[in-house]
>>> print(open('start-v1.pdb').read())   # PDB, C-alpha atoms
ATOM      1  CA  MET A  63      18.932-150.099 206.660
ATOM      2  CA  GLU A  64      20.247-148.721 209.919
ATOM      3  CA  GLN A  65      17.794-147.520 212.541
ATOM      4  CA  ASP A  66      18.755-145.123 215.306
ATOM      5  CA  TYR A  67      16.032-145.071 217.904
ATOM      6  CA  LYS A  68      16.001-141.773 219.789
ATOM      7  CA  LYS A  69      12.750-141.917 221.797
ATOM      8  CA  ILE A  70      12.245-145.306 223.388
ATOM      9  CA  LEU A  71       9.207-146.312 225.423
ATOM     10  CA  VAL A  72       9.503-149.180 227.885
ATOM     11  CA  PRO A  73       6.323-150.105 229.764
ATOM     12  CA  VAL A  74       6.871-151.866 233.097
ATOM     13  CA  ASP A  75       4.534-153.659 235.484
ATOM     14  CA  GLY A  76       6.840-155.124 238.119
ATOM     15  CA  SER A  77       7.295-158.450 236.348
ATOM     16  CA  LYS A  78      10.692-160.019 235.720
ATOM     17  CA  GLU A  79      10.097-159.788 231.966
ATOM     18  CA  ALA A  80       9.306-156.069 232.149
ATOM     19  CA  GLU A  81      12.425-155.366 234.171
ATOM     20  CA  MET A  82      14.466-157.339 231.655
ATOM     21  CA  ALA A  83      12.987-155.153 228.897
ATOM     22  CA  PHE A  84      13.855-152.060 230.945
ATOM     23  CA  LYS A  85      17.502-153.101 231.241
ATOM     24  CA  LYS A  86      17.750-153.754 227.505
ATOM     25  CA  ALA A  87      15.998-150.484 226.709
ATOM     26  CA  VAL A  88      18.566-148.633 228.815
ATOM     27  CA  LYS A  89      21.350-150.218 226.742
ATOM     28  CA  VAL A  90      19.649-149.399 223.433
ATOM     29  CA  ALA A  91      19.053-145.798 224.504
ATOM     30  CA  GLN A  92      22.693-145.467 225.573
ATOM     31  CA  MET A  93      23.969-146.910 222.284
ATOM     32  CA  ASN A  94      21.758-144.549 220.272
ATOM     33  CA  GLY A  95      22.175-141.469 222.458
ATOM     34  CA  GLY A  96      18.426-141.606 222.945
ATOM     35  CA  HIS A  97      15.787-140.692 225.485
ATOM     36  CA  LEU A  98      13.968-143.335 227.524
ATOM     37  CA  ASP A  99      10.343-143.043 228.701
ATOM     38  CA  VAL A 100       9.523-145.540 231.443
ATOM     39  CA  LEU A 101       5.780-146.030 231.786
ATOM     40  CA  THR A 102       3.499-147.915 234.085
ATOM     41  CA  VAL A 103      -0.222-147.985 233.396
ATOM     42  CA  LEU A 104      -2.563-148.531 236.311
ATOM     43  CA  ASP A 105      -5.620-150.391 235.078
ATOM     44  CA  THR A 106      -8.318-149.487 237.580
ATOM     45  CA  LYS A 107     -10.726-151.987 236.007
ATOM     46  CA  GLN A 108      -8.840-154.780 237.750
ATOM     47  CA  PHE A 109      -9.899-153.326 241.095
ATOM     48  CA  ILE A 110     -13.636-153.377 240.387
ATOM     49  CA  GLY A 111     -15.311-155.279 243.169
ATOM     50  CA  LEU A 112     -13.179-153.734 245.873
ATOM     51  CA  HIS A 113     -14.962-151.138 247.977
ATOM     52  CA  GLY A 114     -18.337-151.893 246.396
ATOM     53  CA  GLY A 115     -17.036-151.384 242.870
ATOM     54  CA  MET A 116     -15.656-147.935 243.600
ATOM     55  CA  LEU A 117     -12.067-146.912 244.192
ATOM     56  CA  ASN A 118     -11.837-144.151 246.736
ATOM     57  CA  GLY A 119      -9.295-141.365 246.554
ATOM     58  CA  ASP A 120      -7.020-142.920 249.177
ATOM     59  CA  VAL A 121      -6.684-146.166 247.219
ATOM     60  CA  ILE A 122      -5.995-144.349 243.960
ATOM     61  CA  TYR A 123      -3.444-142.107 245.661
ATOM     62  CA  GLN A 124      -1.655-145.116 247.178
ATOM     63  CA  LEU A 125      -1.583-146.946 243.833
ATOM     64  CA  SER A 126      -0.078-143.891 242.191
ATOM     65  CA  GLU A 127       2.487-143.389 244.964
ATOM     66  CA  ASP A 128       3.565-147.041 244.829
ATOM     67  CA  ALA A 129       3.964-146.822 241.047
ATOM     68  CA  GLN A 130       6.014-143.600 241.326
ATOM     69  CA  LYS A 131       8.272-145.210 243.913
ATOM     70  CA  TYR A 132       8.838-148.275 241.726
ATOM     71  CA  LEU A 133       9.634-146.165 238.651
ATOM     72  CA  ASN A 134      12.005-143.947 240.622
ATOM     73  CA  GLU A 135      13.855-147.070 241.817
ATOM     74  CA  LEU A 136      14.289-148.200 238.212
ATOM     75  CA  LYS A 137      15.451-144.747 237.149
ATOM     76  CA  ASP A 138      17.887-144.449 240.058
ATOM     77  CA  GLY A 139      19.382-147.850 239.189
ATOM     78  CA  ALA A 140      19.908-146.806 235.574
ATOM     79  CA  VAL A 141      21.502-143.505 236.602
ATOM     80  CA  LYS A 142      23.822-145.291 239.062
ATOM     81  CA  ASN A 143      24.942-147.488 236.155
ATOM     82  CA  GLY A 144      25.898-144.508 234.018
ATOM     83  CA  PHE A 145      22.680-143.513 232.260
ATOM     84  CA  ASN A 146      22.238-139.743 231.929
ATOM     85  CA  GLU A 147      19.497-138.596 234.327
ATOM     86  CA  ASP A 148      18.242-136.031 231.795
ATOM     87  CA  ASP A 149      17.626-138.796 229.235
ATOM     88  CA  ILE A 150      15.162-140.813 231.309
ATOM     89  CA  ALA A 151      11.631-139.843 232.307
ATOM     90  CA  ILE A 152       9.088-141.760 234.343
ATOM     91  CA  HIS A 153       5.347-141.715 233.756
ATOM     92  CA  VAL A 154       2.297-143.112 235.562
ATOM     93  CA  ARG A 155      -0.965-143.302 233.645
ATOM     94  CA  PHE A 156      -4.413-144.602 234.449
ATOM     95  CA  GLY A 157      -6.340-146.456 231.780
ATOM     96  CA  GLU A 158      -6.343-149.560 229.613
ATOM     97  CA  PRO A 159      -2.676-150.621 229.325
ATOM     98  CA  LYS A 160      -3.066-151.979 225.798
ATOM     99  CA  THR A 161      -4.298-148.747 224.246
ATOM    100  CA  VAL A 162      -2.281-146.383 226.434
ATOM    101  CA  ILE A 163       0.967-148.133 225.456
ATOM    102  CA  SER A 164       0.293-148.833 221.791
ATOM    103  CA  GLN A 165      -1.467-145.621 220.835
ATOM    104  CA  GLU A 166      -2.071-142.797 223.312
ATOM    105  CA  PHE A 167       1.356-142.467 224.936
ATOM    106  CA  VAL A 168       3.297-143.036 221.712
ATOM    107  CA  GLU A 169       1.318-140.314 219.952
ATOM    108  CA  GLU A 170       1.799-137.829 222.766
ATOM    109  CA  TYR A 171       5.540-138.421 223.264
ATOM    110  CA  GLU A 172       6.402-139.361 219.654
ATOM    111  CA  ASN A 173       8.305-142.516 220.605
ATOM    112  CA  ASP A 174       9.975-144.321 217.719
ATOM    113  CA  LEU A 175      10.380-147.660 219.517
ATOM    114  CA  ILE A 176       8.527-149.655 222.161
ATOM    115  CA  MET A 177      10.520-152.293 224.037
ATOM    116  CA  ILE A 178       8.189-154.538 226.025
ATOM    117  CA  GLY A 179       8.555-157.763 227.991
ATOM    118  CA  SER A 180       7.099-160.893 226.459
ATOM    119  CA  THR A 181       4.637-161.433 229.317
ATOM    120  CA  GLY A 182       3.451-159.428 232.274
ATOM    121  CA  MET A 183       2.240-160.015 235.775
ATOM    122  CA  ASN A 184      -1.374-161.016 235.289
ATOM    123  CA  ALA A 185      -1.693-164.553 233.886
ATOM    124  CA  VAL A 186      -5.485-164.686 234.341
ATOM    125  CA  THR A 187      -6.054-161.538 232.298
ATOM    126  CA  ARG A 188      -3.630-162.804 229.652
ATOM    127  CA  LEU A 189      -5.634-166.020 229.395
ATOM    128  CA  LEU A 190      -9.006-164.279 229.193
ATOM    129  CA  VAL A 191      -8.351-161.251 226.997
ATOM    130  CA  GLY A 192      -4.867-161.708 225.559
ATOM    131  CA  SER A 193      -1.518-160.296 226.501
ATOM    132  CA  VAL A 194      -0.622-156.636 226.450
ATOM    133  CA  SER A 195       2.563-157.355 224.489
ATOM    134  CA  GLU A 196       0.563-159.245 221.852
ATOM    135  CA  TYR A 197      -1.887-156.362 221.487
ATOM    136  CA  VAL A 198       0.900-153.770 221.352
ATOM    137  CA  THR A 199       2.709-155.740 218.655
ATOM    138  CA  ARG A 200      -0.396-155.826 216.480
ATOM    139  CA  ASN A 201      -1.609-152.268 217.067
ATOM    140  CA  ALA A 202       1.350-150.025 217.878
ATOM    141  CA  ARG A 203       1.938-146.982 215.761
ATOM    142  CA  THR A 204       5.697-147.481 215.913
ATOM    143  CA  ASP A 205       8.309-150.245 215.925
ATOM    144  CA  VAL A 206       8.057-152.817 218.715
ATOM    145  CA  ILE A 207      10.667-155.145 220.143
ATOM    146  CA  ILE A 208       9.458-158.002 222.333
ATOM    147  CA  VAL A 209      12.228-158.697 224.843
ATOM    148  CA  ARG A 210      12.655-162.396 225.644
ATOM    149  CA  THR A 211      16.261-162.456 226.867
ATOM    150  CA  ASP A 212      18.404-160.652 229.425
ATOM    151  CA  THR A 213      21.122-158.137 228.571
ATOM    152  CA  ASN A 214      23.496-161.036 227.754
ATOM    153  CA  ASN A 215      20.870-162.499 225.399
ATOM    154  CA  ASP A 216      20.327-165.466 227.717
ATOM    155  CA  LYS A 217      16.787-166.747 228.126
ATOM    156  CA  ILE A 218      15.517-166.698 231.657
TER     157      ILE A 218
END
>>> encode(input="start-v1.pdb", output="structure tokens")
Amino acid sequence: MEQDYKKILVPVDGSKEAEMAFKKAVKVAQMNGGHLDVLTVLDTKQFIGLHGGMLNGDVIYQLSEDAQKYLNELKDGAVKNGFNEDDIAIHVRFGEPKTVISQEFVEEYENDLIMIGSTGMNAVTRLLVGSVSEYVTRNARTDVIIVRTDTNNDKI
């Protein structure tokens, strides 16, 4: 069975593994003539305790701006390497990364593939509540590829 993935979601969090997944997702989208959604999910629960348990508007705005800047840098790099600018979209969401990635975003944008790094940035959270990639693999409403190698298929 041949599978042509046309709407690929790649969630990124700034980790090396996520950026490796992004680079592979760009290649898969190019090979399939597909569209790429690049998503970062800002989990405000991790900031509880700062500012008396409340995030003020300035902090939220800065988090969102930093995320937009990061995603635009990824997009610009892909476009400079030949990816069609019209075939890549960036998204910033607030919420629980596990459910946003595996369910909410995929339903809204009708992605047919999620390409996600094997681990993310937050080792403590991974230890306490499990990894996002593990949750997505078990609960996604579409196909999932866990990226463990670079674009040359070399482990890092």
>>> resolve_selection(input="start-v1.pdb", expression="the PyMOL selection byres ((chain A and resi 74-84) around 6)", output="PyMOL selection string")
chain A and resi 73+85-87+102+178-179+182-183+209+212
>>> write_last_selection(input="start-v1.pdb", atoms="C-alpha atoms", output="compact mmCIF listing (two decimals), keeping the file's coordinate frame")
# COMPACT_ATOMS: atom_id res chain seq x y z
CA PRO A 73 6.32 -150.10 229.76
CA LYS A 85 17.50 -153.10 231.24
CA LYS A 86 17.75 -153.75 227.50
CA ALA A 87 16.00 -150.48 226.71
CA THR A 102 3.50 -147.92 234.08
CA ILE A 178 8.19 -154.54 226.02
CA GLY A 179 8.56 -157.76 227.99
CA GLY A 182 3.45 -159.43 232.27
CA MET A 183 2.24 -160.01 235.78
CA VAL A 209 12.23 -158.70 224.84
CA ASP A 212 18.40 -160.65 229.42
>>> closest_residue(input="start-v1.pdb", among="A:Tyr197, A:Phe167, A:Phe156, A:Tyr123", to="Val72 in chain A", atoms="all atoms listed in the file")
A:Phe167
>>> residues_around(input="start-v1.pdb", residues="Ile70 in chain A", least_positions_apart="3", cutoff="7 Å", atoms="all atoms listed in the file", output="short mmCIF file (atom, residue, chain, number, x, y, z; two decimals) with C-alpha atoms, in the frame of the given file")
data_model
loop_
_atom_site.label_atom_id
_atom_site.label_comp_id
_atom_site.auth_asym_id
_atom_site.auth_seq_id
_atom_site.Cartn_x
_atom_site.Cartn_y
_atom_site.Cartn_z
CA TYR A 67 16.03 -145.07 217.90
CA ALA A 91 19.05 -145.80 224.50
CA HIS A 97 15.79 -140.69 225.48
CA LEU A 98 13.97 -143.34 227.52
CA ASP A 99 10.34 -143.04 228.70
CA ASN A 173 8.30 -142.52 220.60
CA ASP A 174 9.98 -144.32 217.72
CA LEU A 175 10.38 -147.66 219.52
CA ILE A 176 8.53 -149.66 222.16
#
>>> atom_distance(input="start-v1.pdb", atom1="CA of Ser126 in chain A", atom2="CA of Asn146 in chain A")
24.9 Å
>>> atom_distance(input="start-v1.pdb", atom1="CA of Thr211 in chain A", atom2="CA of Arg155 in chain A")
26.6 Å
>>> atom_distance(input="start-v1.pdb", atom1="CA of Leu125 in chain A", atom2="CA of Ile150 in chain A")
21.8 Å
>>> residues_around(input="start-v1.pdb", residues="Leu133 in chain A", least_positions_apart="5", cutoff="9 Å", atoms="all atoms listed in the file", output="list in words")
Val74, Val100, Leu101, Thr102, Asp128, Asp138, Ile152, His153 and Val154 of chain A
>>> write_last_selection(input="start-v1.pdb", atoms="C-alpha atoms", output="short mmCIF file (atom, residue, chain, number, x, y, z; two decimals), in the frame of the given file")
data_model
loop_
_atom_site.label_atom_id
_atom_site.label_comp_id
_atom_site.auth_asym_id
_atom_site.auth_seq_id
_atom_site.Cartn_x
_atom_site.Cartn_y
_atom_site.Cartn_z
CA VAL A 74 6.87 -151.87 233.10
CA VAL A 100 9.52 -145.54 231.44
CA LEU A 101 5.78 -146.03 231.79
CA THR A 102 3.50 -147.92 234.08
CA ASP A 128 3.56 -147.04 244.83
CA ASP A 138 17.89 -144.45 240.06
CA ILE A 152 9.09 -141.76 234.34
CA HIS A 153 5.35 -141.72 233.76
CA VAL A 154 2.30 -143.11 235.56
#
>>> closest_residue(input="start-v1.pdb", among="A:Met177, A:Thr161, A:Asn143, A:Lys68", to="Ile208 in chain A", atoms="only C-alpha atoms")
A:Met177
>>> closest_residue(input="start-v1.pdb", among="A:Gln65, A:Val103, A:Ile207, A:Gln92", to="Gly157 in chain A", atoms="only C-alpha atoms")
A:Val103
>>> closest_residue(input="start-v1.pdb", among="A:Leu104, A:Val194, A:Leu136, A:Leu71", to="Glu170 in chain A", atoms="only C-alpha atoms")
A:Leu71
>>> closest_residue(input="start-v1.pdb", among="A:Lys160, A:Lys137, A:Lys69, A:Lys142", to="Ser195 in chain A", atoms="only C-alpha atoms")
A:Lys160
>>> closest_residue(input="start-v1.pdb", among="A:Glu172, A:Val198, A:Ser180, A:Glu158", to="Lys217 in chain A", atoms="all atoms listed in the file")
A:Ser180
>>> axis_aligned_box(input="start-v1.pdb", around="range 159-168 of chain A", padding_each_side="3 Å", output="JSON")
{"center_x": -0.5, "center_y": -147.2, "center_z": 225.1, "size_x": 13.6, "size_y": 15.5, "size_z": 14.5}
>>> decode(input="start-v1.pdb", residues="range 116-180 of chain A", atoms="C-alpha atoms", output="PDB file, in the first residue's frame")
ATOM      1  CA  MET A 116      -1.071  34.029  37.502  1.00  0.00           C
ATOM      2  CA  LEU A 117       0.390  34.864  34.119  1.00  0.00           C
ATOM      3  CA  ASN A 118      -0.127  38.490  33.266  1.00  0.00           C
ATOM      4  CA  GLY A 119      -0.818  39.723  29.765  1.00  0.00           C
ATOM      5  CA  ASP A 120       2.755  40.900  29.196  1.00  0.00           C
ATOM      6  CA  VAL A 121       4.196  37.456  29.936  1.00  0.00           C
ATOM      7  CA  ILE A 122       1.670  35.712  27.705  1.00  0.00           C
ATOM      8  CA  TYR A 123       2.301  38.207  24.911  1.00  0.00           C
ATOM      9  CA  GLN A 124       6.073  37.689  25.159  1.00  0.00           C
ATOM     10  CA  LEU A 125       5.703  33.894  25.126  1.00  0.00           C
ATOM     11  CA  SER A 126       3.555  34.128  22.023  1.00  0.00           C
ATOM     12  CA  GLU A 127       5.932  36.549  20.289  1.00  0.00           C
ATOM     13  CA  ASP A 128       8.952  34.348  21.034  1.00  0.00           C
ATOM     14  CA  ALA A 129       7.118  31.304  19.663  1.00  0.00           C
ATOM     15  CA  GLN A 130       6.099  33.191  16.491  1.00  0.00           C
ATOM     16  CA  LYS A 131       9.683  34.308  15.953  1.00  0.00           C
ATOM     17  CA  TYR A 132      11.004  30.759  16.358  1.00  0.00           C
ATOM     18  CA  LEU A 133       8.424  29.325  13.945  1.00  0.00           C
ATOM     19  CA  ASN A 134       9.113  32.042  11.383  1.00  0.00           C
ATOM     20  CA  GLU A 135      12.834  31.190  11.551  1.00  0.00           C
ATOM     21  CA  LEU A 136      12.039  27.544  10.821  1.00  0.00           C
ATOM     22  CA  LYS A 137       9.726  28.500   7.968  1.00  0.00           C
ATOM     23  CA  ASP A 138      12.245  30.929   6.472  1.00  0.00           C
ATOM     24  CA  GLY A 139      14.942  28.232   6.565  1.00  0.00           C
ATOM     25  CA  ALA A 140      12.687  25.775   4.745  1.00  0.00           C
ATOM     26  CA  VAL A 141      11.751  28.357   2.108  1.00  0.00           C
ATOM     27  CA  LYS A 142      15.426  29.267   1.567  1.00  0.00           C
ATOM     28  CA  ASN A 143      16.075  25.566   0.921  1.00  0.00           C
ATOM     29  CA  GLY A 144      13.446  25.381  -1.802  1.00  0.00           C
ATOM     30  CA  PHE A 145      10.201  24.673   0.043  1.00  0.00           C
ATOM     31  CA  ASN A 146       7.198  26.512  -1.414  1.00  0.00           C
ATOM     32  CA  GLU A 147       6.173  29.309   0.975  1.00  0.00           C
ATOM     33  CA  ASP A 148       2.480  28.705   0.230  1.00  0.00           C
ATOM     34  CA  ASP A 149       2.791  25.086   1.409  1.00  0.00           C
ATOM     35  CA  ILE A 150       3.936  25.846   4.952  1.00  0.00           C
ATOM     36  CA  ALA A 151       1.923  27.432   7.751  1.00  0.00           C
ATOM     37  CA  ILE A 152       2.940  28.220  11.306  1.00  0.00           C
ATOM     38  CA  HIS A 153       0.663  27.989  14.324  1.00  0.00           C
ATOM     39  CA  VAL A 154       0.941  28.906  18.012  1.00  0.00           C
ATOM     40  CA  ARG A 155      -1.588  27.413  20.405  1.00  0.00           C
ATOM     41  CA  PHE A 156      -2.085  27.575  24.139  1.00  0.00           C
ATOM     42  CA  GLY A 157      -3.143  24.452  25.984  1.00  0.00           C
ATOM     43  CA  GLU A 158      -2.082  20.934  26.895  1.00  0.00           C
ATOM     44  CA  PRO A 159       0.421  19.879  24.197  1.00  0.00           C
ATOM     45  CA  LYS A 160      -0.607  16.223  24.293  1.00  0.00           C
ATOM     46  CA  THR A 161      -4.261  16.800  23.459  1.00  0.00           C
ATOM     47  CA  VAL A 162      -3.749  19.799  21.183  1.00  0.00           C
ATOM     48  CA  ILE A 163      -1.334  17.816  18.991  1.00  0.00           C
ATOM     49  CA  SER A 164      -3.033  14.427  18.989  1.00  0.00           C
ATOM     50  CA  GLN A 165      -6.650  15.521  18.761  1.00  0.00           C
ATOM     51  CA  GLU A 166      -7.679  19.179  18.572  1.00  0.00           C
ATOM     52  CA  PHE A 167      -5.308  20.497  15.902  1.00  0.00           C
ATOM     53  CA  VAL A 168      -5.514  17.384  13.722  1.00  0.00           C
ATOM     54  CA  GLU A 169      -9.308  17.552  13.710  1.00  0.00           C
ATOM     55  CA  GLU A 170      -9.368  21.235  12.838  1.00  0.00           C
ATOM     56  CA  TYR A 171      -6.758  21.087  10.052  1.00  0.00           C
ATOM     57  CA  GLU A 172      -7.464  17.516   8.868  1.00  0.00           C
ATOM     58  CA  ASN A 173      -3.814  16.441   8.947  1.00  0.00           C
ATOM     59  CA  ASP A 174      -3.138  12.940   7.655  1.00  0.00           C
ATOM     60  CA  LEU A 175       0.281  12.560   9.303  1.00  0.00           C
ATOM     61  CA  ILE A 176       2.014  13.767  12.455  1.00  0.00           C
ATOM     62  CA  MET A 177       5.816  13.741  12.446  1.00  0.00           C
ATOM     63  CA  ILE A 178       7.146  14.294  15.961  1.00  0.00           C
ATOM     64  CA  GLY A 179      10.550  14.119  17.629  1.00  0.00           C
ATOM     65  CA  SER A 180      11.188  11.204  19.945  1.00  0.00           C
TER      66      SER A 180
END
